[in-house]
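> Can you keep this structure in mind? I'll have questions shortly.
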Amino acid sequence: MLQTDLTPGRTVTTDGRTCLFFSGFSYLGLHQHPDFKASLKEGIEKYGSLFPASRVSNIRLSLYEEMEHALAAMLDQQAAVLFSSGYLSGQAAIHYAVNCGELLYAPGTHPAIWHHVPALPAGSYGQWVAETIEKVNTHPDNTYVIVSDTVNPITGTIHSFDWLRQLQRKVLVVLDDSHGFGILGPNGKGSTHATPGTDQVRYLVTTSLAKAYSIEGGVIGGSAADIAALKRTPYFTGSTPLMPANAYAWLQSHLLIKKQQQQLKNNLLQMQQLMQDIPHTQNGELPVFVYPQYDNKPSLVKYLAERDVIISSFPYPQPHDAPAHRAVLSALHLAKDMQTLQQFLKAYYH
C-alpha cells in the first residue's frame with residue numbers, strides 16, 4: 001500500500017517520488033483542472049460550504065432543481081433527483097425498488113445497489129441474461145426488478161441491454177451507470193443512451209457524479225412518478241443536500257466538460273494505438289486497459305512501481321476479490337505519459 005499527502009492528477013507523489021498515475025477515476029480530470037477549481041471557489045464564495053437545510057424544508061435552493069432538470073435531460077429520463085453521494089443515490093434507488101418486485105441481481109453488481117448482502121449469481125453475465133429472460137417471461141404472476149451495473153470498471157466490460165426487448169412482462173430495471181455517465185455515448189450521456197425503450201420496461205438510472213465530473217454527489221433519473229416517490233423517502237428527506245458549490249461548478253462548466261470529453265477521446269485513441277502489441281483487454285470508449293499477470297513473470301504492479309508508474313491493482317469491491325491490473329486513462333494524461341507506460345509494458349511482456 002502506498003501513501004500520499006496530495007491528491008493525484010496525472011502524477012502522484014509517494015515515498016518522496018513523483019510517479020505517473022494510471023489509477024483511480026476522475027476520468028475527465030476536472031478535480032485538477034484550474035478552470036474547474038476556480039468555479040468551485042466561486043461557488044463556495046457565493047453559497048458557502050453547504051446548504052444548511054433539508055431539501056424538503058420551507059426554504060429551497062433553486063440551484064438544485066436547475067441541476068436536476070439538466071441531469072434528467074442528459075439521462076433521457078422524465079425527472080431526476082440529486083443526492084450527496086453516488087453510494088447514497090444507489091441505496092435510495094434500490095430501497096425504493098425492492099417495494100416494486102423481486103430483485104434479480106446481475107453477476108458482479110456493485111455494493112452501491114445492494115439492498116442487503118445478496119447471493120450474486122456465480123455464472124457468466126450471458127448465462128444470467130438467459131435465465132432472467134426465461135424467469136420473467138414464464139412467471140406471469142410475479143413482479144420483478146432487474147438490477148445491474150452498466151459497466152464493470154474492474155474487467156473493463158460495457159454491458160449491452162438489447163436483450164430487454166425480449167421481455168414479455170413489465171419490469172423495473174435499476175442500472176448503475178457510475179462508470180459510464182459523463183464519458184460514454186453522445187455528449188457523455190452514458191451507457192444508458194443505448195438502452196431500449198419498450199412498453200415492458202421502465203428504468204431507474206443511478207450514477208455517481210464523482211467518476212467523470214469530480215464532484216461528490218449522485219443522481220437518480222427515472223419516470224416522473226418514481227422520482228416524485230423517491231423524494232418522499234427518508235434517503236432524500238433526511239439527508240444533507242449536495243454541496244451547492246459542486247452544483248454551481250458543474251452548471252458553469254458545460255464547455256469545459258465538452259473540451260475534456262474530447263481530450264479523453266483523443267487520449268484513448270492514442271493509447272489504443274500504443275497498446276496494439278501489448279497483451280491487454282479494452283472495451284470501446286471505456287478508458288480502462290486490463291493487463292494479464294503471467295505466472296512466469298514477476299509482479300507487474302511492482303515492476304511498474306519500481307519505474308515510477310502506478311497502475312490500479314487492489315481487491316474490489318470485496319476484500320477477498322482477486323485484484324485486476326488496470327491502467328486507467330484520464331483527460332489529464334499527456335502523450336509522453338502514455339508512451340512511457342507503453343515502453344515499460346513492452347519490455348515487461350517481451
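Here, A, B, ... name the chains of the C-alpha cells in the order displayed, residue numbers run from 1 inside each chain, and ligands are numbered from 1 in the same displayed order.
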At a cut-off of 9 Å, using only C-alpha atoms, what residues contact Gly29 of chain A? Leave out same-chain residues fewer than 2 positions from it and give the result as an NGL selection string.

:A and (9-10 or 25-27 or 31-33 or 212-214 or 260 or 330-333)

> Store the residues picked out above, limited to C-alpha atoms, as an mmCIF file, in the first residue's frame.


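Resulting contents of result-v4.cif:
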data_model
loop_
_atom_site.group_PDB
_atom_site.id
_atom_site.type_symbol
_atom_site.label_atom_id
_atom_site.label_comp_id
_atom_site.auth_asym_id
_atom_site.auth_seq_id
_atom_site.Cartn_x
_atom_site.Cartn_y
_atom_site.Cartn_z
ATOM 1 C CA GLY A 9 -3.667 14.035 -11.032
ATOM 2 C CA ARG A 10 -1.621 12.728 -13.951
ATOM 3 C CA PHE A 25 -11.145 7.577 -11.645
ATOM 4 C CA SER A 26 -11.972 11.267 -12.324
ATOM 5 C CA TYR A 27 -11.857 10.375 -15.998
ATOM 6 C CA HIS A 31 -10.586 17.784 -9.990
ATOM 7 C CA GLN A 32 -7.157 19.116 -11.016
ATOM 8 C CA HIS A 33 -8.250 21.477 -13.796
ATOM 9 C CA ALA A 212 -16.421 11.652 -14.559
ATOM 10 C CA TYR A 213 -17.323 15.024 -13.080
ATOM 11 C CA SER A 214 -15.117 15.125 -9.965
ATOM 12 C CA GLN A 260 -12.285 17.399 -21.504
ATOM 13 C CA SER A 330 -7.827 10.335 -17.948
ATOM 14 C CA ALA A 331 -8.044 13.573 -19.882
ATOM 15 C CA LEU A 332 -5.058 14.819 -17.852
ATOM 16 C CA HIS A 333 -2.551 12.381 -19.334
#

> For the strand (DSSP E or B) assignment from backbone DSSP, which residues of segment 86-334 of chain A qualify? Please present them as JSON, numbers by chain.

{"A": [102, 103, 104, 105, 144, 145, 146, 147, 148, 149, 151, 152, 157, 158, 171, 172, 173, 174, 175, 176, 201, 202, 203, 204, 205, 206, 207, 208, 218, 219, 220, 221, 222, 281, 288, 289, 290, 291, 309, 310, 311, 312, 325, 326, 327, 328]}

> Using only C-alpha atoms, which residues sit within 12 Å of Val174 of chain A once same-chain residues fewer than 4 positions away are excluded, as a PyMOL selection string?

chain A and resi 89-98+100-101+103-106+109-110+112-115+144-150+161+192+195+201-207+220-222+226

> Output the selection as a compact mmCIF listing (two decimals), in the first residue's frame - N, CA and C atoms for each residue.


# COMPACT_ATOMS: atom_id res chain seq x y z
N SER A 89 -27.25 7.67 -3.58
CA SER A 89 -28.25 7.58 -4.65
C SER A 89 -28.53 6.13 -5.01
N GLY A 90 -27.48 5.28 -5.01
CA GLY A 90 -27.68 3.86 -5.28
C GLY A 90 -28.54 3.20 -4.22
N GLN A 91 -28.26 3.51 -2.96
CA GLN A 91 -29.05 2.92 -1.87
C GLN A 91 -30.49 3.41 -1.90
N ALA A 92 -30.69 4.68 -2.21
CA ALA A 92 -32.06 5.20 -2.31
C ALA A 92 -32.82 4.49 -3.43
N ALA A 93 -32.15 4.28 -4.55
CA ALA A 93 -32.81 3.63 -5.69
C ALA A 93 -33.20 2.20 -5.36
N ILE A 94 -32.28 1.43 -4.74
CA ILE A 94 -32.57 0.02 -4.52
C ILE A 94 -33.56 -0.18 -3.38
N HIS A 95 -33.54 0.68 -2.36
CA HIS A 95 -34.51 0.56 -1.28
C HIS A 95 -35.90 0.98 -1.74
N TYR A 96 -35.97 1.82 -2.73
CA TYR A 96 -37.27 2.11 -3.35
C TYR A 96 -37.71 0.95 -4.24
N ALA A 97 -36.78 0.42 -5.01
CA ALA A 97 -37.10 -0.62 -5.99
C ALA A 97 -37.55 -1.92 -5.34
N VAL A 98 -37.05 -2.23 -4.13
CA VAL A 98 -37.39 -3.50 -3.50
C VAL A 98 -38.89 -3.61 -3.23
N CYS A 100 -41.04 -2.77 -5.36
CA CYS A 100 -41.68 -2.89 -6.67
C CYS A 100 -41.64 -4.31 -7.22
N GLY A 101 -40.96 -5.23 -6.54
CA GLY A 101 -40.89 -6.60 -7.03
C GLY A 101 -39.68 -7.34 -6.49
N LEU A 103 -36.03 -8.76 -6.50
CA LEU A 103 -34.79 -8.26 -7.08
C LEU A 103 -34.04 -9.39 -7.78
N LEU A 104 -33.71 -9.18 -9.06
CA LEU A 104 -32.92 -10.13 -9.83
C LEU A 104 -31.57 -9.49 -10.12
N TYR A 105 -30.57 -9.85 -9.30
CA TYR A 105 -29.25 -9.23 -9.40
C TYR A 105 -28.40 -9.86 -10.50
N ALA A 106 -27.69 -8.99 -11.23
CA ALA A 106 -26.71 -9.46 -12.21
C ALA A 106 -25.43 -9.86 -11.50
N THR A 109 -22.71 -7.25 -9.42
CA THR A 109 -23.35 -5.96 -9.17
C THR A 109 -22.65 -5.22 -8.02
N HIS A 110 -22.43 -3.94 -8.20
CA HIS A 110 -21.69 -3.14 -7.22
C HIS A 110 -22.48 -3.01 -5.91
N ALA A 112 -23.08 -0.60 -4.12
CA ALA A 112 -23.88 0.62 -4.00
C ALA A 112 -25.36 0.35 -4.25
N ILE A 113 -25.66 -0.69 -5.03
CA ILE A 113 -27.07 -1.01 -5.28
C ILE A 113 -27.46 -2.37 -4.70
N TRP A 114 -26.79 -2.76 -3.61
CA TRP A 114 -27.24 -3.92 -2.85
C TRP A 114 -28.29 -3.45 -1.84
N HIS A 115 -29.41 -4.17 -1.78
CA HIS A 115 -30.40 -3.89 -0.74
C HIS A 115 -29.99 -4.55 0.57
N TYR A 144 -40.94 -8.39 -11.08
CA TYR A 144 -39.50 -8.46 -10.93
C TYR A 144 -38.85 -7.09 -11.11
N VAL A 145 -37.70 -6.95 -10.46
CA VAL A 145 -36.85 -5.78 -10.63
C VAL A 145 -35.47 -6.28 -11.04
N ILE A 146 -35.02 -5.90 -12.22
CA ILE A 146 -33.70 -6.30 -12.73
C ILE A 146 -32.68 -5.27 -12.26
N VAL A 147 -31.58 -5.75 -11.67
CA VAL A 147 -30.59 -4.87 -11.06
C VAL A 147 -29.21 -5.17 -11.64
N SER A 148 -28.55 -4.16 -12.20
CA SER A 148 -27.25 -4.40 -12.83
C SER A 148 -26.44 -3.12 -12.92
N ASP A 149 -25.12 -3.27 -12.92
CA ASP A 149 -24.24 -2.20 -13.36
C ASP A 149 -24.27 -2.15 -14.89
N THR A 150 -24.02 -0.99 -15.46
CA THR A 150 -23.90 -0.90 -16.91
C THR A 150 -22.46 -1.17 -17.35
N PHE A 161 -27.82 -4.04 -23.18
CA PHE A 161 -29.15 -4.35 -22.65
C PHE A 161 -30.19 -4.52 -23.75
N THR A 192 -26.47 4.27 -20.77
CA THR A 192 -27.92 4.08 -20.89
C THR A 192 -28.51 4.74 -22.13
N THR A 195 -29.89 1.95 -24.12
CA THR A 195 -30.88 1.01 -23.58
C THR A 195 -32.18 1.13 -24.36
N VAL A 201 -40.62 -2.13 -20.11
CA VAL A 201 -39.51 -1.75 -19.23
C VAL A 201 -39.62 -0.28 -18.83
N ARG A 202 -39.44 -0.05 -17.53
CA ARG A 202 -39.20 1.33 -17.08
C ARG A 202 -37.90 1.30 -16.27
N TYR A 203 -37.20 2.43 -16.27
CA TYR A 203 -35.85 2.48 -15.73
C TYR A 203 -35.75 3.38 -14.50
N LEU A 204 -34.83 2.98 -13.61
CA LEU A 204 -34.24 3.88 -12.63
C LEU A 204 -32.74 3.84 -12.87
N VAL A 205 -32.16 4.96 -13.26
CA VAL A 205 -30.73 5.04 -13.54
C VAL A 205 -30.07 5.82 -12.41
N THR A 206 -29.15 5.17 -11.70
CA THR A 206 -28.42 5.84 -10.64
C THR A 206 -26.95 5.95 -11.02
N THR A 207 -26.34 7.05 -10.64
CA THR A 207 -24.94 7.24 -11.01
C THR A 207 -24.24 8.18 -10.05
N ILE A 220 -30.34 10.09 -9.38
CA ILE A 220 -31.20 9.04 -9.92
C ILE A 220 -32.11 9.68 -10.95
N GLY A 221 -32.18 9.07 -12.14
CA GLY A 221 -33.10 9.51 -13.16
C GLY A 221 -34.15 8.44 -13.40
N GLY A 222 -35.36 8.85 -13.71
CA GLY A 222 -36.42 7.88 -13.95
C GLY A 222 -37.72 8.56 -14.34
N ASP A 226 -41.86 7.87 -10.33
CA ASP A 226 -40.86 7.23 -9.47
C ASP A 226 -40.00 8.27 -8.75

> Could you tell me how far atom CA of Met74 of chain A sits from atom CA of Ala229 of chain A, in Å to one decimal place?

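Distance reported for this atom pair: 20.9 Å.
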
> If we count only C-alpha atoms, what is near segment 44-49 of chain A at a cut-off of 12 Å, once residues fewer than 5 positions away on the same chain are taken out, given as a compact mmCIF listing (two decimals) with all heavy atoms, in the first residue's frame?


# COMPACT_ATOMS: atom_id res chain seq x y z
N LYS A 37 -11.54 24.21 -10.75
CA LYS A 37 -11.27 24.60 -9.36
C LYS A 37 -11.66 26.06 -9.12
O LYS A 37 -12.15 26.41 -8.04
CB LYS A 37 -9.80 24.36 -9.03
CG LYS A 37 -9.44 22.88 -8.95
CD LYS A 37 -8.10 22.64 -8.28
CE LYS A 37 -6.94 23.01 -9.13
NZ LYS A 37 -5.64 22.63 -8.51
N ALA A 38 -11.49 26.90 -10.12
CA ALA A 38 -11.90 28.31 -10.00
C ALA A 38 -13.42 28.41 -9.85
O ALA A 38 -13.93 29.23 -9.06
CB ALA A 38 -11.43 29.11 -11.21
N SER A 39 -14.15 27.58 -10.59
CA SER A 39 -15.62 27.58 -10.47
C SER A 39 -16.05 27.09 -9.09
O SER A 39 -17.02 27.59 -8.52
CB SER A 39 -16.24 26.71 -11.56
OG SER A 39 -16.05 27.27 -12.83
N LEU A 61 -33.37 25.83 -2.27
CA LEU A 61 -32.33 26.40 -3.12
C LEU A 61 -32.61 26.01 -4.57
O LEU A 61 -32.54 24.83 -4.92
CB LEU A 61 -30.94 25.91 -2.68
CG LEU A 61 -29.73 26.47 -3.44
CD1 LEU A 61 -29.62 27.99 -3.23
CD2 LEU A 61 -28.45 25.79 -2.99
N SER A 62 -32.92 26.99 -5.41
CA SER A 62 -33.33 26.70 -6.79
C SER A 62 -32.21 26.05 -7.61
O SER A 62 -32.46 25.39 -8.63
CB SER A 62 -33.78 27.99 -7.48
OG SER A 62 -32.73 28.96 -7.47
N LEU A 63 -30.96 26.22 -7.18
CA LEU A 63 -29.82 25.63 -7.88
C LEU A 63 -29.97 24.13 -8.05
O LEU A 63 -29.60 23.56 -9.08
CB LEU A 63 -28.54 25.94 -7.08
CG LEU A 63 -27.20 25.55 -7.69
CD1 LEU A 63 -26.87 26.48 -8.85
CD2 LEU A 63 -26.10 25.64 -6.62
N PRO A 241 -28.18 17.86 1.72
CA PRO A 241 -28.12 18.03 0.26
C PRO A 241 -26.68 18.06 -0.26
O PRO A 241 -25.72 18.25 0.49
CB PRO A 241 -28.80 19.38 0.02
CG PRO A 241 -29.55 19.68 1.27
CD PRO A 241 -28.81 19.01 2.38
N LEU A 242 -26.56 17.88 -1.55
CA LEU A 242 -25.30 18.07 -2.26
C LEU A 242 -24.71 19.44 -1.92
O LEU A 242 -25.44 20.43 -1.78
CB LEU A 242 -25.58 17.98 -3.77
CG LEU A 242 -24.46 18.25 -4.76
CD1 LEU A 242 -23.59 17.02 -4.87
CD2 LEU A 242 -25.05 18.61 -6.12
N MET A 243 -23.40 19.50 -1.77
CA MET A 243 -22.73 20.78 -1.55
C MET A 243 -23.07 21.74 -2.70
O MET A 243 -22.82 21.42 -3.87
CB MET A 243 -21.23 20.55 -1.48
CG MET A 243 -20.40 21.78 -1.18
SD MET A 243 -18.63 21.34 -1.10
CE MET A 243 -17.89 22.96 -0.89
N PRO A 244 -23.68 22.89 -2.43
CA PRO A 244 -24.13 23.75 -3.53
C PRO A 244 -23.01 24.23 -4.45
O PRO A 244 -23.23 24.43 -5.64
CB PRO A 244 -24.81 24.93 -2.82
CG PRO A 244 -24.43 24.83 -1.40
CD PRO A 244 -24.06 23.42 -1.12
N ALA A 245 -21.79 24.38 -3.92
CA ALA A 245 -20.68 24.79 -4.77
C ALA A 245 -20.40 23.75 -5.84
O ALA A 245 -19.97 24.08 -6.96
CB ALA A 245 -19.42 25.04 -3.93
N ASN A 246 -20.63 22.46 -5.53
CA ASN A 246 -20.47 21.41 -6.53
C ASN A 246 -21.47 21.57 -7.66
O ASN A 246 -21.14 21.45 -8.84
CB ASN A 246 -20.64 20.04 -5.88
CG ASN A 246 -19.42 19.59 -5.11
OD1 ASN A 246 -18.32 20.05 -5.36
ND2 ASN A 246 -19.61 18.68 -4.17
N ALA A 247 -22.72 21.83 -7.28
CA ALA A 247 -23.76 22.03 -8.29
C ALA A 247 -23.45 23.25 -9.15
O ALA A 247 -23.58 23.22 -10.38
CB ALA A 247 -25.13 22.19 -7.62
N TYR A 248 -23.02 24.32 -8.51
CA TYR A 248 -22.69 25.55 -9.24
C TYR A 248 -21.55 25.31 -10.22
O TYR A 248 -21.64 25.70 -11.40
CB TYR A 248 -22.31 26.63 -8.24
CG TYR A 248 -21.87 27.93 -8.89
CD1 TYR A 248 -22.80 28.87 -9.31
CD2 TYR A 248 -20.51 28.21 -9.07
CE1 TYR A 248 -22.40 30.06 -9.92
CE2 TYR A 248 -20.10 29.39 -9.67
CZ TYR A 248 -21.05 30.31 -10.10
OH TYR A 248 -20.65 31.49 -10.70
N ALA A 249 -20.47 24.65 -9.76
CA ALA A 249 -19.31 24.41 -10.62
C ALA A 249 -19.70 23.56 -11.82
O ALA A 249 -19.26 23.80 -12.95
CB ALA A 249 -18.19 23.75 -9.82

> What is the atom CA of Pro8 of chain A to atom CA of Val290 of chain A distance in Å?

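Pair atom CA of Pro8 of chain A / atom CA of Val290 of chain A returns 20.4 Å.
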
> With DSSP run on the backbone, what are the alpha helix (DSSP H) residues within segment 115-248 of chain A? I'd like them as a VMD selection string.

chain A and resid 125 to 138 210 to 213 224 to 230 234 to 237 244 to 248

> I'd like the neighbourhood of Tyr349 of chain A as a list in words, where a residue qualifies if any of its atoms comes within 10 Å (using only C-alpha atoms), though same-chain residues fewer than 6 positions away should be ignored.

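Counting only the stated atoms, we get Asp277, Ile278, Pro279, Pro292, Gln293, Tyr294, Lys297 and Leu300 of chain A.
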